[in-house]
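Enquirer: This one is data.txt, compact mmCIF, C-alpha atoms.
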# COMPACT_ATOMS: atom_id res chain seq x y z
CA MET U 1 8.39 4.68 -25.08
CA ALA U 2 6.79 4.42 -21.66
CA GLY U 3 7.79 6.99 -19.06
CA GLU U 4 8.58 9.61 -21.71
CA GLY U 5 5.85 11.97 -20.50
CA LEU U 6 7.10 12.07 -16.93
CA PRO U 7 9.05 15.19 -16.03
CA GLN U 8 12.76 14.63 -15.44
CA ILE U 9 14.02 15.21 -11.92
CA SER U 10 17.52 15.69 -10.60
CA GLY U 11 18.56 13.68 -7.59
CA GLU U 12 15.94 12.01 -5.44
CA LYS U 13 12.55 13.23 -4.29
CA THR U 14 10.94 11.66 -1.23
CA TYR U 15 7.25 11.68 -0.37
CA SER U 16 6.11 10.42 3.04
CA ASN U 17 3.04 8.40 3.94
CA LYS U 18 4.22 7.36 7.40
CA SER U 19 1.17 8.58 9.32
CA GLY U 20 -1.17 6.92 6.82
CA ALA U 21 0.80 3.67 6.98
CA ILE U 22 0.80 3.68 10.79
CA GLY U 23 -2.93 4.42 10.80
CA SER U 24 -3.51 1.49 8.45
CA VAL U 25 -1.56 -0.88 10.69
CA VAL U 26 -3.30 0.30 13.88
CA GLY U 27 -6.69 0.03 12.16
CA GLN U 28 -5.89 -3.50 11.00
CA PHE U 29 -4.83 -4.52 14.52
CA PHE U 30 -7.83 -3.13 16.41
CA GLY U 31 -10.24 -4.25 13.71
CA GLN U 32 -9.15 -7.83 14.37
CA MET U 33 -9.05 -7.35 18.16
CA GLY U 34 -12.83 -6.88 18.29
CA ALA U 35 -13.32 -10.63 17.99
CA PHE U 36 -10.81 -11.26 20.80
CA PHE U 37 -12.40 -8.80 23.22
CA GLY U 38 -15.92 -9.94 22.37
CA CYS U 39 -15.16 -13.63 22.88
CA PHE U 40 -12.69 -13.45 25.76
CA PHE U 41 -14.70 -11.06 27.91
CA GLY U 42 -18.16 -11.97 26.64
CA ILE U 43 -18.27 -15.76 26.85
CA LYS U 44 -18.67 -17.30 30.28
CA GLY U 45 -18.46 -20.92 31.31
CA PRO U 46 -21.35 -23.23 32.18
CA ASP U 47 -21.61 -21.96 35.78
CA GLY U 48 -20.92 -18.32 34.92
CA GLN U 49 -17.18 -18.81 35.35
CA TRP U 50 -15.03 -16.28 33.67
CA PRO U 51 -12.79 -16.19 31.67
CA HIS U 52 -13.75 -19.35 29.89
CA ALA U 53 -12.80 -18.60 26.28
CA TRP U 54 -9.03 -19.03 26.36
CA TRP U 55 -9.20 -20.15 22.75
CA SER U 56 -10.05 -16.55 21.79
CA PHE U 57 -6.33 -15.74 22.02
CA CYS U 58 -6.15 -17.05 18.46
CA PHE U 59 -7.81 -13.74 17.48
CA PHE U 60 -5.06 -11.84 19.30
CA GLY U 61 -2.48 -13.77 17.28
CA ASN U 62 -4.43 -13.08 14.10
CA ALA U 63 -4.50 -9.35 14.90
CA THR U 64 -0.74 -9.30 15.53
CA VAL U 65 0.16 -11.20 12.36
CA GLY U 66 -2.30 -9.14 10.30
CA ALA U 67 -0.84 -5.86 11.59
CA LEU U 68 2.74 -6.99 10.94
CA SER U 69 1.79 -8.10 7.43
CA GLN U 70 0.10 -4.74 6.84
CA ALA U 71 3.23 -2.91 8.02
CA HIS U 72 5.35 -4.99 5.63
CA THR U 73 3.22 -4.28 2.54
CA THR U 74 1.90 -0.73 3.11
CA THR U 75 3.80 2.11 1.45
CA ALA U 76 5.23 4.50 4.05
CA LYS U 77 7.55 6.39 1.71
CA ILE U 78 7.89 6.94 -2.04
CA VAL U 79 11.38 7.66 -3.37
CA ARG U 80 11.55 8.94 -6.96
CA SER U 81 14.88 9.11 -8.76
CA PRO U 82 15.56 9.81 -12.44
CA GLU U 83 15.59 6.05 -13.15
CA LYS U 84 12.97 4.54 -10.82
CA MET U 85 10.18 4.96 -8.29
CA THR U 86 10.68 2.92 -5.11
CA LEU U 87 7.92 2.21 -2.60
CA LEU U 88 9.22 1.59 0.94
CA ASN U 89 7.40 0.06 3.92
CA LEU U 90 7.46 1.19 7.56
CA TRP U 91 10.79 -0.60 8.19
CA GLY U 92 12.44 0.92 5.12
CA GLY U 93 12.23 -2.31 3.14
CA THR U 94 11.31 -2.21 -0.53
CA VAL U 95 7.69 -3.02 -1.32
CA LEU U 96 8.12 -2.43 -5.06
CA THR U 97 10.56 -0.74 -7.44
CA ILE U 98 9.12 0.53 -10.71
CA PRO U 99 11.60 1.62 -13.39
CA ILE U 100 10.49 4.95 -14.89
CA SER U 101 10.73 3.35 -18.34
CA GLU U 102 7.98 0.89 -17.25
CA ILE U 103 5.43 3.57 -16.26
CA CYS U 104 2.68 4.20 -18.80
CA SER U 105 0.81 6.84 -16.85
CA ILE U 106 0.04 8.31 -13.47
CA ARG U 107 -3.50 9.41 -12.62
CA CYS U 108 -5.15 10.96 -9.59
CA ARG U 109 -8.17 9.05 -8.31
CA ARG U 110 -10.45 9.20 -5.29
CA SER U 111 -11.53 5.99 -3.60
CA CYS U 112 -12.94 5.24 -0.14
CA GLY U 113 -12.70 8.93 0.75
CA CYS U 114 -8.96 9.12 0.04
CA ASN U 115 -6.91 10.57 -2.79
CA TRP U 116 -4.72 8.04 -4.59
CA PHE U 117 -2.19 8.04 -7.39
CA VAL U 118 -2.66 5.20 -9.83
CA VAL U 119 0.60 4.22 -11.55
CA GLU U 120 -0.17 2.22 -14.68
CA THR U 121 2.73 -0.01 -15.67
CA THR U 122 3.61 -1.54 -19.04
CA ASP U 123 2.36 -4.97 -20.04
CA LYS U 124 5.97 -6.22 -19.96
CA PHE U 125 6.51 -5.11 -16.33
CA TYR U 126 3.11 -6.50 -15.35
CA GLU U 127 3.91 -9.90 -16.86
CA GLU U 128 7.36 -9.95 -15.22
CA ARG U 129 5.77 -9.30 -11.83
CA ARG U 130 3.17 -12.01 -12.43
CA ALA U 131 5.87 -14.49 -13.43
CA SER U 132 7.83 -13.81 -10.23
CA ALA U 133 4.69 -14.08 -8.05
CA GLY U 134 4.57 -17.87 -8.28
CA CYS U 135 1.18 -19.18 -7.18
CA CYS U 136 0.00 -15.65 -6.23
CA LYS U 137 -0.34 -14.31 -9.78
CA CYS U 138 -3.92 -13.20 -9.15
CA VAL U 139 -2.85 -10.53 -6.62
CA VAL U 140 -0.55 -8.72 -9.08
CA GLY U 141 -2.17 -5.83 -10.91
CA LYS U 142 -1.14 -3.70 -13.86
CA ASN U 143 -2.00 -0.61 -11.81
CA VAL U 144 -0.23 0.25 -8.55
CA TRP U 145 -2.23 2.43 -6.15
CA ILE U 146 -0.16 4.68 -3.86
CA THR U 147 -0.76 7.70 -1.68
CA CYS U 148 1.36 10.17 0.26
CA ALA U 149 0.96 13.11 2.62
CA GLU U 150 2.69 15.53 0.22
CA GLN U 151 0.15 15.13 -2.57
CA ASP U 152 0.54 18.63 -3.99
CA ALA U 153 4.33 18.19 -4.28
CA PHE U 154 3.87 14.76 -5.88
CA LYS U 155 1.43 16.22 -8.42
CA GLN U 156 3.76 19.09 -9.25
CA ASP U 157 6.87 16.91 -9.54
CA HIS U 158 5.08 14.44 -11.82
CA GLY U 159 3.39 16.96 -14.08
CA LEU U 160 -0.14 16.23 -12.94
CA THR U 161 -2.67 18.98 -13.47
CA GLU U 162 -5.06 20.12 -10.77
CA THR U 163 -7.64 17.66 -12.12
CA GLY U 164 -5.14 14.79 -12.20
CA GLU U 165 -5.03 14.30 -15.94
CA ILE U 166 -3.17 11.37 -17.39
CA ILE U 167 0.53 11.73 -18.11
CA GLY U 168 3.15 9.48 -19.64
CA ASN U 169 2.52 7.34 -22.66
CA PRO U 170 -0.71 5.34 -22.22
CA LYS U 171 -0.21 3.54 -25.55
CA ALA U 172 3.04 1.88 -24.45
What do you get writing this file as C-alpha cells?

Expert:
Amino acid sequence: MAGEGLPQISGEKTYSNKSGAIGSVVGQFFGQMGAFFGCFFGIKGPDGQWPHAWWSFCFFGNATVGALSQAHTTTAKIVRSPEKMTLLNLWGGTVLTIPISEICSIRCRRSCGCNWFVVETTDKFYEERRASAGCCKCVVGKNVWITCAEQDAFKQDHGLTETGEIIGNPKA
C-alpha cells in the first residue's frame, strides 16, 4: 500500500515557503518587465520623439498576468495531516491535495541550485489528475516538486535521512 512508509503524525504540521513564493512572483514580474522598459524607453519616433512605443504596455500587462498566475500556482505553504498533504498558494488557496495513501515516495533532490522534495504519486492518482486536467493533460506529472524554508523539519517529520533516501512504497 502506498504511503505506508511515511511516518504517522498527530495533528497538522505546517511548513512555510512564503519568502520563496514571493521571490518567485517578483522574479517573474521583473523578468517580464525588461521588455517593457527596453521598448518603452528605448524606442523613439521618426523625429526622435519620445515616448513613441505605447504598444509596449502589452509587456506590462503580460508581466502582471504572469506574476498573478505565478502567485496562484506557487506553493507558499505545505500542510501535512495524518490523511493528506495540502499545498497552498500565497492567497491560502489549494494548489493540490495529495492523500497520504496516494504517495509512493518522497525524495530530496537538488535542481537549479535549490533543494527540492519530489513527491512521487501512485499511477491511480496521476491518471485521476490527468483525467481532470481536460486539454492540459501534458502538464500533469506523476512527480510533484515542492520546497519549503523548514527543510530540516520536513525531512525529520517525513523520515528522510540526511542523504534524502527514498521512503514510502515505491512499488505501489

Enquirer: Report, as AutoDock Vina command-line options, the centre and edge lengths in Å (one decimal) of the axis-aligned box enclosing every listed atom of region 113-117 of chain U, padded by 4 Å on each side.

Expert:
--center_x -7.4 --center_y 9.3 --center_z -3.3 --size_x 18.5 --size_y 10.5 --size_z 16.1

Enquirer: Region 32-41 of chain U: which residues within 6 Å, counting all atoms listed in the file, same-chain residues fewer than 2 positions away excluded, as a PyMOL selection string?

Expert: chain U and resi 29-30+43+53+56+59-60+63

Enquirer: What is the distance between CA of Ile98 (chain U) and CA of Leu160 (chain U), in Å to one decimal?

Expert: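 These two atoms are separated by 18.4 Å.
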
Enquirer: So what do you get for CA of Trp116 (chain U) versus CA of Gln8 (chain U), distance-wise?

Expert: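 Taking CA of Trp116 (chain U) and CA of Gln8 (chain U), their separation equals 21.6 Å.
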
Enquirer: Tell me which protein, DNA and RNA residues are within 8 Å of Thr147 (chain U), counting all atoms listed in the file, leaving out same-chain ones fewer than 3 positions away, and put them as a ChimeraX atom specification.

Expert: /U:17,75,115-117,151

Enquirer: With N, CA, C and O atoms as the target, complete region 93-118 of chain U and hand it back as a CSV table (one decimal), in the frame of the given file.

Expert:
chain,number,residue,atom,x,y,z
U,93,GLY,N,12.1,-1.3,4.1
U,93,GLY,CA,12.2,-2.3,3.1
U,93,GLY,C,11.5,-2.0,1.9
U,93,GLY,O,10.5,-1.2,1.9
U,94,THR,N,11.9,-2.5,0.8
U,94,THR,CA,11.3,-2.2,-0.5
U,94,THR,C,10.1,-3.0,-0.7
U,94,THR,O,10.1,-4.3,-0.7
U,95,VAL,N,8.9,-2.4,-1.0
U,95,VAL,CA,7.7,-3.0,-1.3
U,95,VAL,C,7.7,-3.3,-2.8
U,95,VAL,O,7.4,-4.4,-3.3
U,96,LEU,N,8.1,-2.3,-3.6
U,96,LEU,CA,8.1,-2.4,-5.1
U,96,LEU,C,9.0,-1.4,-5.6
U,96,LEU,O,9.0,-0.2,-5.2
U,97,THR,N,9.8,-1.7,-6.7
U,97,THR,CA,10.6,-0.7,-7.4
U,97,THR,C,10.0,-0.8,-8.9
U,97,THR,O,10.0,-1.8,-9.5
U,98,ILE,N,9.6,0.4,-9.4
U,98,ILE,CA,9.1,0.5,-10.7
U,98,ILE,C,10.1,1.4,-11.5
U,98,ILE,O,10.3,2.6,-11.2
U,99,PRO,N,10.7,0.8,-12.5
U,99,PRO,CA,11.6,1.6,-13.4
U,99,PRO,C,10.7,2.7,-14.1
U,99,PRO,O,9.6,2.4,-14.5
U,100,ILE,N,11.2,3.9,-14.2
U,100,ILE,CA,10.5,5.0,-14.9
U,100,ILE,C,10.1,4.5,-16.3
U,100,ILE,O,9.0,4.9,-16.8
U,101,SER,N,11.0,3.8,-17.0
U,101,SER,CA,10.7,3.4,-18.3
U,101,SER,C,9.5,2.4,-18.4
U,101,SER,O,9.0,2.1,-19.5
U,102,GLU,N,9.1,1.8,-17.3
U,102,GLU,CA,8.0,0.9,-17.2
U,102,GLU,C,6.7,1.5,-16.8
U,102,GLU,O,5.7,0.8,-16.6
U,103,ILE,N,6.6,2.9,-16.7
U,103,ILE,CA,5.4,3.6,-16.3
U,103,ILE,C,4.7,4.1,-17.5
U,103,ILE,O,5.3,4.9,-18.3
U,104,CYS,N,3.5,3.7,-17.7
U,104,CYS,CA,2.7,4.2,-18.8
U,104,CYS,C,2.1,5.5,-18.4
U,104,CYS,O,2.1,6.5,-19.3
U,105,SER,N,1.5,5.6,-17.2
U,105,SER,CA,0.8,6.8,-16.8
U,105,SER,C,0.7,6.9,-15.3
U,105,SER,O,0.8,5.9,-14.6
U,106,ILE,N,0.4,8.1,-14.9
U,106,ILE,CA,0.0,8.3,-13.5
U,106,ILE,C,-1.2,9.1,-13.5
U,106,ILE,O,-1.3,10.2,-14.1
U,107,ARG,N,-2.2,8.7,-12.7
U,107,ARG,CA,-3.5,9.4,-12.6
U,107,ARG,C,-3.8,9.7,-11.2
U,107,ARG,O,-3.4,8.9,-10.3
U,108,CYS,N,-4.6,10.7,-10.9
U,108,CYS,CA,-5.2,11.0,-9.6
U,108,CYS,C,-6.6,10.4,-9.5
U,108,CYS,O,-7.3,10.6,-10.5
U,109,ARG,N,-6.8,9.6,-8.5
U,109,ARG,CA,-8.2,9.0,-8.3
U,109,ARG,C,-8.6,9.2,-6.9
U,109,ARG,O,-7.8,9.3,-6.0
U,110,ARG,N,-9.9,9.1,-6.6
U,110,ARG,CA,-10.4,9.2,-5.3
U,110,ARG,C,-11.2,7.9,-5.1
U,110,ARG,O,-12.0,7.5,-5.8
U,111,SER,N,-10.9,7.2,-3.9
U,111,SER,CA,-11.5,6.0,-3.6
U,111,SER,C,-11.6,5.9,-2.1
U,111,SER,O,-10.6,6.2,-1.4
U,112,CYS,N,-12.7,5.4,-1.6
U,112,CYS,CA,-12.9,5.2,-0.1
U,112,CYS,C,-12.6,6.5,0.6
U,112,CYS,O,-12.1,6.5,1.7
U,113,GLY,N,-12.9,7.7,0.1
U,113,GLY,CA,-12.7,8.9,0.8
U,113,GLY,C,-11.3,9.4,0.8
U,113,GLY,O,-11.0,10.4,1.4
U,114,CYS,N,-10.4,8.7,0.1
U,114,CYS,CA,-9.0,9.1,0.0
U,114,CYS,C,-8.5,9.4,-1.4
U,114,CYS,O,-9.1,8.9,-2.3
U,115,ASN,N,-7.5,10.3,-1.5
U,115,ASN,CA,-6.9,10.6,-2.8
U,115,ASN,C,-5.8,9.6,-3.0
U,115,ASN,O,-4.9,9.4,-2.1
U,116,TRP,N,-5.7,9.0,-4.2
U,116,TRP,CA,-4.7,8.0,-4.6
U,116,TRP,C,-4.1,8.4,-5.9
U,116,TRP,O,-4.7,9.1,-6.7
U,117,PHE,N,-2.9,7.9,-6.1
U,117,PHE,CA,-2.2,8.0,-7.4
U,117,PHE,C,-2.1,6.6,-8.0
U,117,PHE,O,-1.7,5.7,-7.3
U,118,VAL,N,-2.6,6.5,-9.2
U,118,VAL,CA,-2.7,5.2,-9.8
U,118,VAL,C,-1.5,5.2,-10.9
U,118,VAL,O,-1.6,6.0,-11.8
